[in-house]
>>> print(open('upload30.csv').read())   # CSV, C-alpha atoms and all ligand atoms
chain,number,residue,atom,x,y,z
W,1,MET,CA,12.2,-18.0,46.7
W,2,ARG,CA,15.0,-20.6,46.8
W,3,LEU,CA,13.4,-22.5,43.9
W,4,LYS,CA,13.3,-19.3,41.9
W,5,ALA,CA,16.9,-18.6,42.5
W,6,ARG,CA,17.9,-22.1,41.5
W,7,LYS,CA,15.9,-21.8,38.2
W,8,LYS,CA,17.6,-18.5,37.5
W,9,HIS,CA,21.0,-20.1,38.1
W,10,ILE,CA,20.1,-23.0,35.7
W,11,ALA,CA,18.9,-20.5,33.0
W,12,LEU,CA,22.1,-18.5,33.3
W,13,LEU,CA,24.3,-21.6,33.1
W,14,ALA,CA,22.4,-22.8,30.0
W,15,ALA,CA,22.9,-19.4,28.3
W,16,LEU,CA,26.6,-19.4,29.2
W,17,LEU,CA,27.0,-22.9,27.8
W,18,ALA,CA,25.2,-21.9,24.6
W,19,ALA,CA,27.4,-18.8,24.3
W,20,ILE,CA,30.6,-21.0,24.8
W,21,ILE,CA,29.5,-23.5,22.2
W,22,THR,CA,28.6,-20.7,19.7
W,23,ALA,CA,32.0,-19.1,20.3
W,24,LEU,CA,33.9,-22.4,19.8
W,25,CYS,CA,31.9,-23.6,16.9
W,26,PRO,CA,29.5,-21.1,15.3
W,27,GLY,CA,27.8,-23.8,13.2
W,28,CYS,CA,27.1,-26.1,16.1
W,29,THR,CA,24.1,-24.5,17.8
W,30,ARG,CA,21.0,-25.9,16.2
W,31,ILE,CA,18.7,-23.2,14.8
W,32,GLU,CA,15.1,-24.2,14.0
W,33,LYS,CA,14.5,-24.4,10.3
W,34,ALA,CA,11.0,-23.9,8.8
W,35,HIS,CA,9.7,-24.0,5.2
W,36,THR,CA,6.6,-23.3,3.3
W,37,ASP,CA,5.6,-22.9,-0.3
W,38,LEU,CA,2.6,-21.2,-1.8
W,39,ILE,CA,1.2,-20.0,-5.1
W,40,ALA,CA,0.8,-16.2,-5.2
W,41,MET,CA,1.4,-13.4,-7.6
W,42,ASP,CA,1.2,-15.8,-10.5
W,43,THR,CA,4.2,-17.9,-9.3
W,44,VAL,CA,5.3,-20.5,-6.9
W,45,MET,CA,7.0,-19.0,-3.8
W,46,ASP,CA,9.3,-21.0,-1.6
W,47,LEU,CA,10.2,-19.6,1.8
W,48,THR,CA,12.9,-21.2,4.0
W,49,ILE,CA,13.7,-19.5,7.3
W,50,TYR,CA,16.0,-20.3,10.1
W,51,GLY,CA,13.6,-19.4,12.8
W,52,PRO,CA,10.2,-20.5,14.3
W,53,ALA,CA,7.6,-22.0,12.0
W,54,GLU,CA,5.0,-19.9,13.8
W,55,LEU,CA,6.2,-16.9,11.7
W,56,LEU,CA,5.2,-18.5,8.4
W,57,PRO,CA,1.4,-17.9,8.4
W,58,GLY,CA,2.1,-14.2,9.0
W,59,ALA,CA,4.4,-14.2,6.0
W,60,GLU,CA,1.8,-15.8,3.8
W,61,GLU,CA,-0.8,-13.3,5.0
W,62,LEU,CA,1.6,-10.5,4.1
W,63,ILE,CA,1.9,-11.8,0.5
W,64,ARG,CA,-1.8,-12.4,0.1
W,65,THR,CA,-2.6,-8.9,1.3
W,66,LEU,CA,0.0,-7.3,-1.0
W,67,GLU,CA,-1.4,-9.3,-3.9
W,68,LYS,CA,-4.9,-8.1,-3.2
W,69,GLU,CA,-3.7,-4.5,-3.2
W,70,LEU,CA,-1.6,-4.7,-6.4
W,71,SER,CA,-3.0,-7.3,-8.8
W,72,VAL,CA,-4.1,-6.0,-12.2
W,73,THR,CA,-6.4,-9.0,-12.7
W,74,ASP,CA,-8.2,-8.9,-9.3
W,75,GLY,CA,-11.0,-6.4,-10.0
W,76,GLY,CA,-11.1,-5.4,-6.3
W,77,SER,CA,-7.4,-4.5,-6.0
W,78,GLU,CA,-6.4,-0.9,-5.4
W,79,ILE,CA,-4.5,-0.9,-8.7
W,80,ALA,CA,-7.4,-2.5,-10.7
W,81,VAL,CA,-9.8,0.1,-9.3
W,82,LEU,CA,-7.4,2.9,-10.3
W,83,ASN,CA,-7.1,1.5,-13.8
W,84,ALA,CA,-10.9,1.1,-14.2
W,85,SER,CA,-11.9,4.5,-12.8
W,86,GLY,CA,-8.9,6.6,-13.6
W,87,GLU,CA,-8.5,7.8,-10.0
W,88,ALA,CA,-8.2,6.1,-6.6
W,89,LYS,CA,-6.9,6.7,-3.1
W,90,LEU,CA,-4.1,4.2,-2.6
W,91,GLY,CA,-2.9,2.6,0.6
W,92,GLU,CA,0.7,2.9,1.9
W,93,ASN,CA,2.0,-0.2,0.0
W,94,ALA,CA,0.5,0.5,-3.4
W,95,LEU,CA,1.3,4.2,-3.3
W,96,GLY,CA,4.9,3.7,-2.1
W,97,LEU,CA,5.4,1.2,-4.9
W,98,VAL,CA,3.9,3.4,-7.6
W,99,LYS,CA,6.2,6.2,-6.5
W,100,ALA,CA,9.3,3.9,-6.4
W,101,ALA,CA,8.3,2.5,-9.8
W,102,LEU,CA,8.1,5.9,-11.4
W,103,GLU,CA,11.5,6.8,-10.0
W,104,TYR,CA,13.0,3.6,-11.6
W,105,GLY,CA,11.3,4.6,-14.8
W,106,GLU,CA,13.1,7.9,-14.7
W,107,ARG,CA,16.4,6.4,-13.7
W,108,THR,CA,16.3,3.9,-16.6
W,109,GLY,CA,15.2,6.5,-19.2
W,110,GLY,CA,11.8,4.9,-19.6
W,111,ALA,CA,13.0,1.3,-20.1
W,112,PHE,CA,11.0,0.4,-17.0
W,113,ASP,CA,7.6,1.8,-17.5
W,114,ILE,CA,4.5,0.8,-15.4
W,115,CYS,CA,2.3,2.6,-18.0
W,116,ILE,CA,3.1,-0.1,-20.5
W,117,PHE,CA,0.0,-2.0,-19.3
W,118,PRO,CA,-2.4,-1.2,-22.2
W,119,VAL,CA,0.3,-2.6,-24.6
W,120,VAL,CA,1.0,-5.7,-22.4
W,121,ARG,CA,-2.8,-6.3,-22.4
W,122,ALA,CA,-3.1,-5.9,-26.2
W,123,TRP,CA,-0.5,-8.7,-26.6
W,124,GLY,CA,-2.7,-10.9,-24.3
W,125,PHE,CA,-0.1,-11.3,-21.5
W,126,THR,CA,-2.6,-10.5,-18.8
W,127,THR,CA,-5.2,-13.0,-19.8
W,128,GLY,CA,-3.1,-15.7,-21.6
W,129,GLU,CA,-5.2,-15.1,-24.7
W,130,TYR,CA,-2.2,-14.2,-26.8
W,131,ARG,CA,-2.4,-12.3,-30.1
W,132,VAL,CA,-0.3,-10.1,-32.3
W,133,PRO,CA,-1.7,-6.6,-32.3
W,134,SER,CA,-1.7,-4.7,-35.6
W,135,LYS,CA,0.7,-1.8,-36.2
W,136,GLU,CA,-2.2,0.7,-36.0
W,137,GLU,CA,-3.3,-0.7,-32.7
W,138,LEU,CA,0.2,-0.3,-31.2
W,139,VAL,CA,0.5,3.2,-32.6
W,140,SER,CA,-2.8,4.1,-30.9
W,141,LEU,CA,-1.8,2.5,-27.6
W,142,LEU,CA,1.9,3.7,-27.3
W,143,PRO,CA,1.1,7.4,-26.4
W,144,LEU,CA,-0.8,6.1,-23.3
W,145,ALA,CA,2.5,4.5,-22.1
W,146,ASP,CA,3.8,7.7,-20.7
W,147,SER,CA,4.5,8.3,-17.0
W,148,SER,CA,3.7,12.0,-17.3
W,149,ARG,CA,0.1,10.8,-17.6
W,150,VAL,CA,0.2,9.6,-13.9
W,151,HIS,CA,-0.5,12.3,-11.3
W,152,ILE,CA,-0.1,12.0,-7.6
W,153,SER,CA,-1.6,14.3,-5.1
W,154,GLY,CA,-1.3,13.2,-1.4
W,155,ASP,CA,-2.5,9.6,-1.4
W,156,THR,CA,-4.7,10.0,-4.5
W,157,VAL,CA,-3.4,8.8,-7.9
W,158,SER,CA,-5.1,9.8,-11.1
W,159,LEU,CA,-4.4,8.6,-14.7
W,160,ASP,CA,-5.1,10.5,-17.9
W,161,GLU,CA,-7.8,9.0,-20.2
W,162,GLY,CA,-6.8,5.5,-21.4
W,163,THR,CA,-3.6,5.2,-19.3
W,164,MET,CA,-3.3,2.2,-17.0
W,165,ILE,CA,-0.5,0.9,-14.8
W,166,ASP,CA,0.9,-2.5,-14.0
W,167,LEU,CA,3.3,-3.2,-11.1
W,168,GLY,CA,4.0,-6.7,-12.3
W,169,GLY,CA,7.7,-5.8,-13.1
W,170,ILE,CA,8.5,-4.8,-9.5
W,171,ALA,CA,5.8,-6.3,-7.1
W,172,LYS,CA,7.6,-9.5,-6.4
W,173,GLY,CA,10.8,-7.7,-5.5
W,174,ARG,CA,8.9,-5.4,-3.1
W,175,ALA,CA,7.1,-8.5,-1.6
W,176,ALA,CA,10.6,-10.1,-1.0
W,177,ASP,CA,11.7,-6.9,0.8
W,178,MET,CA,8.6,-6.8,2.9
W,179,LEU,CA,9.0,-10.5,3.9
W,180,ALA,CA,12.7,-9.9,4.8
W,181,ASP,CA,11.7,-6.9,7.0
W,182,TYR,CA,9.0,-9.0,8.7
W,183,PHE,CA,11.3,-11.9,9.4
W,184,ARG,CA,14.2,-9.6,10.6
W,185,ALA,CA,11.8,-7.7,12.9
W,186,ASN,CA,10.9,-11.1,14.4
W,187,GLY,CA,14.5,-12.1,15.1
W,188,VAL,CA,15.3,-14.2,12.0
W,189,LYS,CA,18.9,-13.7,10.9
W,190,SER,CA,19.0,-16.3,8.1
W,191,ALA,CA,16.5,-17.1,5.4
W,192,ILE,CA,16.3,-17.8,1.7
W,193,LEU,CA,13.1,-16.4,0.1
W,194,ASN,CA,12.4,-17.6,-3.5
W,195,LEU,CA,9.5,-15.8,-5.1
W,196,GLY,CA,9.5,-17.5,-8.5
W,197,GLY,CA,13.0,-16.8,-9.5
W,198,ASN,CA,13.0,-13.6,-7.5
W,199,VAL,CA,15.4,-14.6,-4.7
W,200,LEU,CA,16.2,-12.7,-1.5
W,201,ALA,CA,19.1,-14.1,0.6
W,202,LEU,CA,18.6,-12.8,4.1
W,203,GLY,CA,21.8,-12.7,6.1
W,204,ALA,CA,24.1,-15.6,5.6
W,205,LYS,CA,23.6,-19.4,6.0
W,206,PRO,CA,23.2,-20.4,9.7
W,207,ASN,CA,26.8,-21.7,9.6
W,208,GLY,CA,28.1,-18.3,8.5
W,209,ALA,CA,28.8,-19.2,4.9
W,210,ASP,CA,27.4,-17.3,2.0
W,211,TRP,CA,24.1,-18.3,0.4
W,212,ARG,CA,24.5,-19.8,-3.1
W,213,VAL,CA,21.8,-18.6,-5.4
W,214,GLY,CA,21.4,-20.3,-8.8
W,215,VAL,CA,20.8,-18.2,-12.0
W,216,ALA,CA,18.5,-20.3,-14.2
W,217,ASP,CA,19.8,-21.7,-17.6
W,218,PRO,CA,17.3,-20.2,-20.0
W,219,PHE,CA,17.7,-23.2,-22.3
W,220,GLY,CA,17.5,-26.0,-19.8
W,221,SER,CA,16.3,-27.0,-16.4
W,222,GLY,CA,19.5,-26.4,-14.4
W,223,ASN,CA,21.5,-23.3,-13.5
W,224,ALA,CA,23.8,-21.3,-15.7
W,225,CYS,CA,25.8,-20.0,-12.8
W,226,ILE,CA,25.8,-19.7,-9.0
W,227,ILE,CA,26.1,-16.4,-7.1
W,228,SER,CA,27.6,-16.5,-3.6
W,229,CYS,CA,26.1,-13.7,-1.6
W,230,ARG,CA,24.5,-12.5,1.7
W,231,ASP,CA,21.9,-9.9,2.3
W,232,LYS,CA,21.2,-9.6,-1.4
W,233,ALA,CA,18.3,-9.8,-3.8
W,234,VAL,CA,19.0,-11.9,-7.0
W,235,VAL,CA,16.4,-11.2,-9.6
W,236,THR,CA,16.1,-12.5,-13.2
W,237,SER,CA,14.1,-11.2,-16.1
W,238,GLY,CA,14.0,-13.4,-19.1
W,239,SER,CA,12.3,-14.0,-22.4
W,240,TYR,CA,12.1,-17.7,-21.5
W,241,GLN,CA,9.9,-17.0,-18.4
W,242,ARG,CA,6.7,-16.2,-20.4
W,243,TYR,CA,6.2,-16.1,-24.1
W,244,PHE,CA,4.1,-17.4,-27.0
W,245,GLU,CA,4.7,-18.3,-30.6
W,246,ALA,CA,2.8,-17.1,-33.6
W,247,ASP,CA,3.7,-17.9,-37.3
W,248,GLY,CA,7.1,-19.1,-36.2
W,249,VAL,CA,8.0,-16.0,-34.2
W,250,THR,CA,8.5,-16.0,-30.4
W,251,TYR,CA,7.1,-13.1,-28.5
W,252,CYS,CA,8.1,-12.6,-24.8
W,253,HIS,CA,6.2,-10.8,-22.0
W,254,ILE,CA,8.6,-7.9,-21.6
W,255,ILE,CA,7.8,-5.0,-23.8
W,256,ASP,CA,10.1,-2.3,-25.2
W,257,PRO,CA,8.2,0.9,-24.3
W,258,SER,CA,9.8,2.7,-27.2
W,259,THR,CA,8.2,0.4,-29.8
W,260,GLY,CA,5.4,-1.5,-28.1
W,261,MET,CA,7.1,-4.7,-29.3
W,262,PRO,CA,8.2,-7.7,-27.1
W,263,VAL,CA,11.9,-7.4,-26.5
W,264,ASN,CA,14.0,-9.3,-29.0
W,265,ASN,CA,17.6,-8.0,-28.7
W,266,GLY,CA,19.8,-11.1,-28.4
W,267,LEU,CA,19.5,-11.4,-24.7
W,268,SER,CA,17.8,-14.4,-23.1
W,269,SER,CA,18.0,-13.2,-19.5
W,270,VAL,CA,19.4,-10.5,-17.3
W,271,THR,CA,19.9,-11.0,-13.5
W,272,VAL,CA,20.5,-8.1,-11.2
W,273,ILE,CA,22.1,-8.5,-7.8
W,274,CYS,CA,21.7,-5.7,-5.2
W,275,SER,CA,20.6,-5.1,-1.7
W,276,ASN,CA,17.1,-4.1,-2.4
W,277,GLY,CA,14.5,-6.5,-3.9
W,278,ALA,CA,12.3,-3.9,-5.6
W,279,GLU,CA,15.3,-2.3,-7.2
W,280,ALA,CA,16.7,-5.6,-8.4
W,281,ASP,CA,13.3,-6.4,-9.9
W,282,ALA,CA,12.8,-3.1,-11.7
W,283,LEU,CA,16.4,-3.0,-12.9
W,284,SER,CA,16.4,-6.6,-14.2
W,285,THR,CA,13.3,-5.8,-16.3
W,286,ALA,CA,14.8,-2.5,-17.5
W,287,LEU,CA,18.2,-3.9,-18.4
W,288,PHE,CA,16.5,-6.6,-20.4
W,289,VAL,CA,14.7,-3.9,-22.3
W,290,MET,CA,17.9,-1.8,-22.8
W,291,GLY,CA,19.8,-4.7,-24.4
W,292,TYR,CA,23.5,-5.5,-23.7
W,293,GLU,CA,25.3,-2.4,-24.9
W,294,ARG,CA,23.0,0.1,-23.2
W,295,ALA,CA,22.6,-2.0,-20.1
W,296,SER,CA,26.4,-2.3,-19.6
W,297,GLU,CA,26.7,1.5,-20.0
W,298,PHE,CA,23.9,2.0,-17.5
W,299,TRP,CA,25.8,-0.3,-15.0
W,300,ARG,CA,29.0,1.7,-15.6
W,301,GLY,CA,27.1,4.8,-14.5
W,302,SER,CA,25.7,3.2,-11.4
W,303,ASN,CA,27.3,1.8,-8.2
W,304,ASP,CA,24.6,-0.1,-6.5
W,305,PHE,CA,24.1,-3.3,-8.4
W,306,GLU,CA,25.9,-6.1,-10.4
W,307,ALA,CA,24.4,-8.1,-13.3
W,308,VAL,CA,24.6,-11.3,-15.2
W,309,PHE,CA,23.7,-11.3,-18.9
W,310,ILE,CA,22.9,-14.6,-20.8
W,311,PHE,CA,22.7,-14.2,-24.5
W,312,SER,CA,20.4,-16.1,-26.9
W,313,ASP,CA,23.5,-17.8,-28.4
W,314,GLY,CA,24.5,-19.2,-24.9
W,315,ARG,CA,27.2,-16.7,-24.1
W,316,ILE,CA,27.4,-15.3,-20.6
W,317,ALA,CA,28.8,-12.0,-19.3
W,318,VAL,CA,29.0,-10.7,-15.8
W,319,THR,CA,29.9,-7.3,-14.3
W,320,GLU,CA,33.3,-7.2,-12.7
W,321,GLY,CA,31.9,-7.0,-9.1
W,322,LEU,CA,30.8,-10.7,-9.6
W,323,SER,CA,34.1,-12.0,-11.0
W,324,GLU,CA,34.9,-13.7,-7.7
W,325,SER,CA,31.4,-14.5,-6.5
W,326,CYS,CA,29.8,-16.0,-9.7
W,327,SER,CA,30.8,-19.4,-10.9
W,328,PRO,CA,29.5,-21.1,-14.1
W,329,ASP,CA,27.4,-24.2,-13.5
W,330,GLY,CA,25.9,-27.2,-15.3
W,331,ALA,CA,26.1,-26.9,-19.1
W,332,TYR,CA,28.0,-23.6,-18.6
W,333,ALA,CA,30.7,-25.0,-16.4
W,334,ASP,CA,33.3,-25.1,-19.2
W,335,ARG,CA,32.2,-21.8,-20.9
W,336,GLU,CA,34.2,-18.7,-20.6
W,337,MET,CA,32.4,-15.9,-18.7
W,338,GLU,CA,33.0,-12.5,-20.2
W,339,ILE,CA,33.8,-9.9,-17.5
W,340,ILE,CA,32.3,-6.5,-18.1
W,341,LYS,CA,34.7,-3.8,-16.8
W,342,ARG,CA,34.0,-0.2,-15.7
O,401,LIG,P1,9.7,-9.1,-14.8
O,401,LIG,O1,9.3,-10.5,-14.9
O,401,LIG,O2,9.9,-8.5,-13.4
O,401,LIG,O3,10.8,-8.7,-15.8
O,401,LIG,O4,8.4,-8.2,-15.2
O,401,LIG,C1,7.7,-8.5,-16.4
O,401,LIG,C2,6.3,-8.0,-16.3
O,401,LIG,O5,6.3,-6.6,-16.1
O,401,LIG,C3,5.5,-8.3,-17.5
O,401,LIG,O6,4.8,-9.6,-17.4
O,401,LIG,C4,4.5,-7.2,-17.6
O,401,LIG,O7,3.4,-7.4,-16.7
O,401,LIG,C5,5.4,-6.0,-17.0
O,401,LIG,N1,6.2,-5.3,-18.0
O,401,LIG,C6,6.4,-5.7,-19.3
O,401,LIG,N2,7.3,-4.8,-19.9
O,401,LIG,C7,7.6,-3.9,-19.0
O,401,LIG,C8,8.4,-2.7,-19.0
O,401,LIG,N3,9.1,-2.3,-20.0
O,401,LIG,N4,8.4,-2.0,-17.8
O,401,LIG,C9,7.7,-2.4,-16.7
O,401,LIG,N5,7.0,-3.5,-16.7
O,401,LIG,C10,6.9,-4.2,-17.8
O,402,MG,MG,11.1,-7.1,-12.8
>>> encode(input="upload30.csv", output="structure tokens")
Amino acid sequence: MRLKARKKHIALLAALLAAIITALCPGCTRIEKAHTDLIAMDTVMDLTIYGPAELLPGAEELIRTLEKELSVTDGGSEIAVLNASGEAKLGENALGLVKAALEYGERTGGAFDICIFPVVRAWGFTTGEYRVPSKEELVSLLPLADSSRVHISGDTVSLDEGTMIDLGGIAKGRAADMLADYFRANGVKSAILNLGGNVLALGAKPNGADWRVGVADPFGSGNACIISCRDKAVVTSGSYQRYFEADGVTYCHIIDPSTGMPVNNGLSSVTVICSNGAEADALSTALFVMGYERASEFWRGSNDFEAVFIFSDGRIAVTEGLSESCSPDGAYADREMEIIKR
């Protein structure tokens, strides 16, 4: 009994001491740091958490499970089965993401369109066997890229003949959100999750400072600028991320649903910063499709995200909400950043 009381005293004293140290110097208490990287969803993922390493296998399992549900190339996935058979019952993750993706499609006037898959496939972006489809082929495929051909009844999704969907433009963002929820639920207050250029900054750095997230230079190996942020997703869509060349023309993996052609509008990348990973992912793809003028108008009509535009000629423009938190870096350090105003 006396031993128990003494142990309790010691534990109380230790807690009190830790609280005093934290109060006097917030960065002084050591928080365990753990890191893992893995290849999933067609990219290298890099997860750093300030929390116990025991949480990492669970995070990896979460990613693998989601990939198995959503992949368009894994024949057994819920989405692949839906595409092959035209109708399928979807689980909570896939169904929730299809619904969210259709909403982003509506919000962006069809610039984000998960039904673009038959066209993406015709260009060879799913298999890596790249080719330039004929005009006739594109004309026959484009009517299939129409979200009114997707029907949802309860947990069953059905697709009209020939229509197929691809969640590749939003899946990594949702994966980042799910990882963040998992880590938060397990007590992690600080983490940086990089899912192949799709970054989620959970909380702030352990010392209380903002995370600093680099926006890749589309023309080099460094960063074009650094975003200071906390509790934000920072997601980039760019023509430099996946493309092929044929007869001297470069074709990128993001398709304009109004033409069926790879986007070629003077932008090299668009980065969206907002508090939701799936939204940042869908919007970065959509804004890239829209092009600079339409995308900045879209931003003026919204209030839940900021964006960085990097042009093919090396210019850089940022929305005014980033004027204090975005600093040019590397080869861009001396360049003027245009500020897009409301
Ligand atoms: P992201 O890297 O997030 O911009 O997504 C690009 C991927 O989304 C492509 O590799 C395609 O699988 C798919 N995709 C291409 N164009 C579109 C589009 N207009 N809307 C939705 N997804 C698209
Ligand atoms: Mg995207």
>>> closest_residue(input="upload30.csv", among="W:Glu137, W:Asp42, W:Asp329, W:Glu320", to="ligand LIG 401 (chain O)", atoms="only C-alpha atoms and all ligand atoms")
W:Asp42
>>> residues_around(input="upload30.csv", residues="range 69-83 of chain W", least_positions_apart="4", cutoff="8 Å", atoms="all atoms listed in the file", output="ChimeraX atom specification")
/W:41,65,87-91,93-94,126,157-159,163-168,171
>>> residues_around(input="upload30.csv", residues="Tyr182 in chain W", least_positions_apart="6", cutoff="10 Å", atoms="all atoms listed in the file", output="PDB file with C-alpha atoms, in the frame of the given file")
ATOM      1  CA  LEU W  55       6.200 -16.900  11.700  1.00  0.00           C
ATOM      2  CA  GLY W  58       2.100 -14.200   9.000  1.00  0.00           C
ATOM      3  CA  ALA W  59       4.400 -14.200   6.000  1.00  0.00           C
ATOM      4  CA  LEU W  62       1.600 -10.500   4.100  1.00  0.00           C
ATOM      5  CA  ALA W 176      10.600 -10.100  -1.000  1.00  0.00           C
ATOM      6  CA  VAL W 188      15.300 -14.200  12.000  1.00  0.00           C
TER       7      VAL W 188
END
>>> atom_distance(input="upload30.csv", atom1="CA of Asp304 in chain W", atom2="CA of Val235 in chain W")
14.1 Å
>>> residues_near_ligand(input="upload30.csv", ligand="ligand LIG 401 (chain O)", cutoff="9 Å", atoms="all atoms listed in the file", output="PyMOL selection string")
chain W and resi 72+101+105+110-117+119-121+125-126+165-173+198+235-239+241-242+252-258+260+262-263+270+280-286+288-289
>>> atom_distance(input="upload30.csv", atom1="CA of Thr108 in chain W", atom2="CA of Ala40 in chain W")
27.8 Å
>>> atom_distance(input="upload30.csv", atom1="CA of Gly154 in chain W", atom2="CA of Ser85 in chain W")
17.8 Å
>>> closest_residue(input="upload30.csv", among="W:Arg174, W:Arg149, W:His35, W:Arg342", to="ligand MG 402 (chain O)", atoms="all atoms listed in the file")
W:Arg174
>>> closest_residue(input="upload30.csv", among="W:Ser134, W:Ser269, W:Ser190, W:Thr259", to="ligand MG 402 (chain O)", atoms="all atoms listed in the file")
W:Ser269
>>> closest_residue(input="upload30.csv", among="W:Leu142, W:Ala34, W:Ile39, W:Ala278", to="ligand MG 402 (chain O)", atoms="only C-alpha atoms and all ligand atoms")
W:Ala278
>>> closest_residue(input="upload30.csv", among="W:Ser296, W:Ser302, W:Thr319, W:Thr271", to="ligand MG 402 (chain O)", atoms="all atoms listed in the file")
W:Thr271
>>> residues_around(input="upload30.csv", residues="Ala233 in chain W", least_positions_apart="5", cutoff="7 Å", atoms="all atoms listed in the file", output="PDB file with C-alpha atoms, in the frame of the given file")
ATOM      1  CA  VAL W 199      15.400 -14.600  -4.700  1.00  0.00           C
ATOM      2  CA  LEU W 200      16.200 -12.700  -1.500  1.00  0.00           C
ATOM      3  CA  ALA W 201      19.100 -14.100   0.600  1.00  0.00           C
ATOM      4  CA  ILE W 273      22.100  -8.500  -7.800  1.00  0.00           C
ATOM      5  CA  CYS W 274      21.700  -5.700  -5.200  1.00  0.00           C
ATOM      6  CA  SER W 275      20.600  -5.100  -1.700  1.00  0.00           C
ATOM      7  CA  ASN W 276      17.100  -4.100  -2.400  1.00  0.00           C
ATOM      8  CA  GLY W 277      14.500  -6.500  -3.900  1.00  0.00           C
ATOM      9  CA  ALA W 280      16.700  -5.600  -8.400  1.00  0.00           C
TER      10      ALA W 280
END
>>> closest_residue(input="upload30.csv", among="W:Ile310, W:Val272, W:Ala331, W:Leu56", to="ligand MG 402 (chain O)", atoms="only C-alpha atoms and all ligand atoms")
W:Val272
>>> residues_around(input="upload30.csv", residues="Leu267 in chain W", least_positions_apart="4", cutoff="7 Å", atoms="only C-alpha atoms", output="list in words")
Gly291, Ile310, Phe311 and Ser312 of chain W
